[in-house]
Amino acid sequence: MKVRCILLLAVFLVARPTADCTKGSVPAIMFFGDSLVDVGNNDYIHTIVKANLPPYGRDFEGNVATGRFCNGMLLSDMIGEKLGFSSSPPAYLSPQAAGTNLLNGANFASAGSGYYDPTSLMYGLIPLSQQLKNFKEYISKLVAVAGSSQAQSIISDSLYILSSGSNDFAFNYYINPLLYKTLTTDHFADLLVGISIRTVTQLYGMGARRIGVFSVPPFGCFPLAITVFGFGSSKCVPGLNDDALRLNKKLNAAIDLLSKQLHDLKIEFLDIYTPVYILSTSPGSQGFTETRRACCGTGTVESTILLCNPKSTGTCPNATTYVYWDVLHPSEAANKVIVDSFAQSINQLVI
Ligand SMILES: *[C@@H]1O[C@H](CO)[C@@H](O)[C@H](O)[C@H]1NC(C)=O
């Protein structure tokens, strides 16, 4: 792996001195977690949390709604592109996740899911524990396609990305008295971080050696959060962002500790909080004009979990200057800014 990477670097150095050593440096990518990375698994399960109708996918290749909670590409698509893949690996539950396609990895994520399985079960989503079981099944399919020794090297050289945690707060803790009356936010954050570390350790146990774990975004800046919890203010809700920061701090520390214990594991905390916070509080600095209102969704009345659907009125004609596509999800343009902000950390993982 190293040798191949160095060779690629040498080629790039001749052709283009600024190129980095990422293209072709991992054989496959595996994604786990929530809507920030799910490319359409929810289309294949019984849930109302789906993005399989327009205007979702409006700016995606072919202008189709694929199940991505975005107008265009997700962070998972962009990570795939940066690593030299022509597309992100398919949703594991889709018919495309078969045969030689499996060689490039698979996407196990489920929009709306959390670290804490009850969060996902409440909405009929794929809990993280089940996503790992699906990965285990994937490994056996990969062995059938590639043979066990090639499968083993794919598993250990692949990049693994985990994105979770915000739905546990937004769609469980904040609205569920059984949780908020019995657990402080600190304790709930500890619970989530414990699950995150256990998940990473399980992936390591199955052979993963390059793992990126997303922080949670500043969910107090999501248009839905400002509408519901903002008491008429149009600013990010500080209490919610404090909870996100608290979780991120614990998660970052736990990842640090784990990396000291597992010496052959490359693991990076991928900070998406900072770029999303900057986009949300000073959009102009990044060339954006709108952050309070989502392109699809009014920013004042959000009564449906579907957020944005074919009946949504007033969807903006061009989302390129909107930070938020719907009231919970960044636009493709924002995703580009976010992915660039942690490109360096991804390089560390794949080098
Ligand atoms: C949206 O605006 C951008 C920047 O002005 C432009 O490049 C792009 O072509 C527009 N897209 C559509 C679909 O009109």
# chains A, B, ... in the order shown; residues from 1 in each chain; ligands from 1

call {"tool": "residues_near_ligand", "arguments": {"ligand": "ligand 1", "cutoff": "9 Å", "atoms": "only C-alpha atoms and all ligand atoms", "output": "MDAnalysis selection string"}}
result
chainID A and resid 58:59 317:321

call {"tool": "closest_residue", "arguments": {"among": "A:Leu191, A:Ala146, A:Met78, A:Ala51", "to": "A:Glu332", "atoms": "only C-alpha atoms"}}
result
A:Met78

call {"tool": "residues_around", "arguments": {"residues": "A:Gly62", "least_positions_apart": "4", "cutoff": "12 Å", "atoms": "only C-alpha atoms", "output": "list in words"}}
result
Tyr56, Gly57, Arg58, Thr66, Asn71, Gly72 and Met73 of chain A

call {"tool": "write_last_selection", "arguments": {"atoms": "C-alpha atoms", "output": "PDB file, in the first residue's frame"}}
result
ATOM      1  CA  TYR A  56     -34.376  16.087  -3.439  1.00  0.00           C
ATOM      2  CA  GLY A  57     -31.670  15.276  -5.948  1.00  0.00           C
ATOM      3  CA  ARG A  58     -32.622  18.245  -8.119  1.00  0.00           C
ATOM      4  CA  THR A  66     -31.831   8.902  -4.801  1.00  0.00           C
ATOM      5  CA  ASN A  71     -30.099  18.778  -3.637  1.00  0.00           C
ATOM      6  CA  GLY A  72     -26.892  17.215  -4.924  1.00  0.00           C
ATOM      7  CA  MET A  73     -23.857  15.406  -3.611  1.00  0.00           C
TER       8      MET A  73
END

call {"tool": "closest_residue", "arguments": {"among": "A:Pro54, A:Gly297, A:Pro275, A:Gly114", "to": "A:Phe342", "atoms": "only C-alpha atoms"}}
result
A:Pro275

call {"tool": "closest_residue", "arguments": {"among": "A:Phe108, A:Tyr277, A:Tyr180, A:Tyr44", "to": "A:Gly124", "atoms": "only C-alpha atoms"}}
result
A:Tyr44

call {"tool": "closest_residue", "arguments": {"among": "A:Ser163, A:Ser110, A:Ser312, A:Asn241", "to": "A:Asn134", "atoms": "only C-alpha atoms"}}
result
A:Ser110

call {"tool": "residues_around", "arguments": {"residues": "A:Leu93", "least_positions_apart": "5", "cutoff": "10 Å", "atoms": "only C-alpha atoms", "output": "number ranges by chain"}}
result
A: 40-45, 98, 106-109, 134

call {"tool": "write_last_selection", "arguments": {"atoms": "N, CA and C atoms", "output": "tab-separated table (two decimals), in the first residue's frame"}}
result
chain	number	residue	atom	x	y	z
A	40	GLY	N	-28.93	6.32	0.29
A	40	GLY	CA	-30.22	5.79	-0.14
A	40	GLY	C	-30.69	4.49	0.49
A	41	ASN	N	-30.06	4.07	1.58
A	41	ASN	CA	-30.53	2.82	2.21
A	41	ASN	C	-31.99	2.91	2.66
A	42	ASN	N	-32.43	4.10	3.10
A	42	ASN	CA	-33.80	4.20	3.61
A	42	ASN	C	-34.86	3.97	2.53
A	43	ASP	N	-34.45	4.04	1.26
A	43	ASP	CA	-35.40	3.75	0.18
A	43	ASP	C	-35.86	2.30	0.23
A	44	TYR	N	-35.08	1.45	0.91
A	44	TYR	CA	-35.36	0.01	0.90
A	44	TYR	C	-35.92	-0.51	2.21
A	45	ILE	N	-36.29	0.40	3.11
A	45	ILE	CA	-36.88	-0.04	4.39
A	45	ILE	C	-38.20	0.70	4.61
A	98	ALA	N	-23.69	-5.40	-5.24
A	98	ALA	CA	-23.56	-6.82	-5.57
A	98	ALA	C	-22.38	-7.03	-6.50
A	106	ALA	N	-19.06	-0.27	0.43
A	106	ALA	CA	-20.52	-0.16	0.49
A	106	ALA	C	-20.88	0.87	1.54
A	107	ASN	N	-22.12	1.33	1.44
A	107	ASN	CA	-22.60	2.36	2.35
A	107	ASN	C	-23.72	1.76	3.21
A	108	PHE	N	-23.51	1.74	4.52
A	108	PHE	CA	-24.43	1.09	5.45
A	108	PHE	C	-25.29	2.09	6.21
A	109	ALA	N	-25.11	3.37	5.93
A	109	ALA	CA	-25.75	4.42	6.73
A	109	ALA	C	-27.25	4.48	6.51
A	134	ASN	N	-24.80	-5.73	9.07
A	134	ASN	CA	-24.81	-5.72	7.61
A	134	ASN	C	-23.39	-5.71	7.05

call {"tool": "residues_around", "arguments": {"residues": "A:Arg209", "least_positions_apart": "2", "cutoff": "7 Å", "atoms": "only C-alpha atoms", "output": "PyMOL selection string"}}
result
chain A and resi 156-157+204+207+211+264-266

call {"tool": "residues_around", "arguments": {"residues": "stretch 279-290 of chain A", "least_positions_apart": "3", "cutoff": "7 Å", "atoms": "only C-alpha atoms", "output": "count of residues only"}}
result
7

call {"tool": "atom_distance", "arguments": {"atom1": "atom CA of A:Ser234", "atom2": "atom CA of A:Pro217"}}
result
18.0 Å

call {"tool": "residues_around", "arguments": {"residues": "A:Pro55", "least_positions_apart": "5", "cutoff": "12 Å", "atoms": "only C-alpha atoms", "output": "ChimeraX atom specification"}}
result
/A:60,63-72,295-297,306-319,325-326
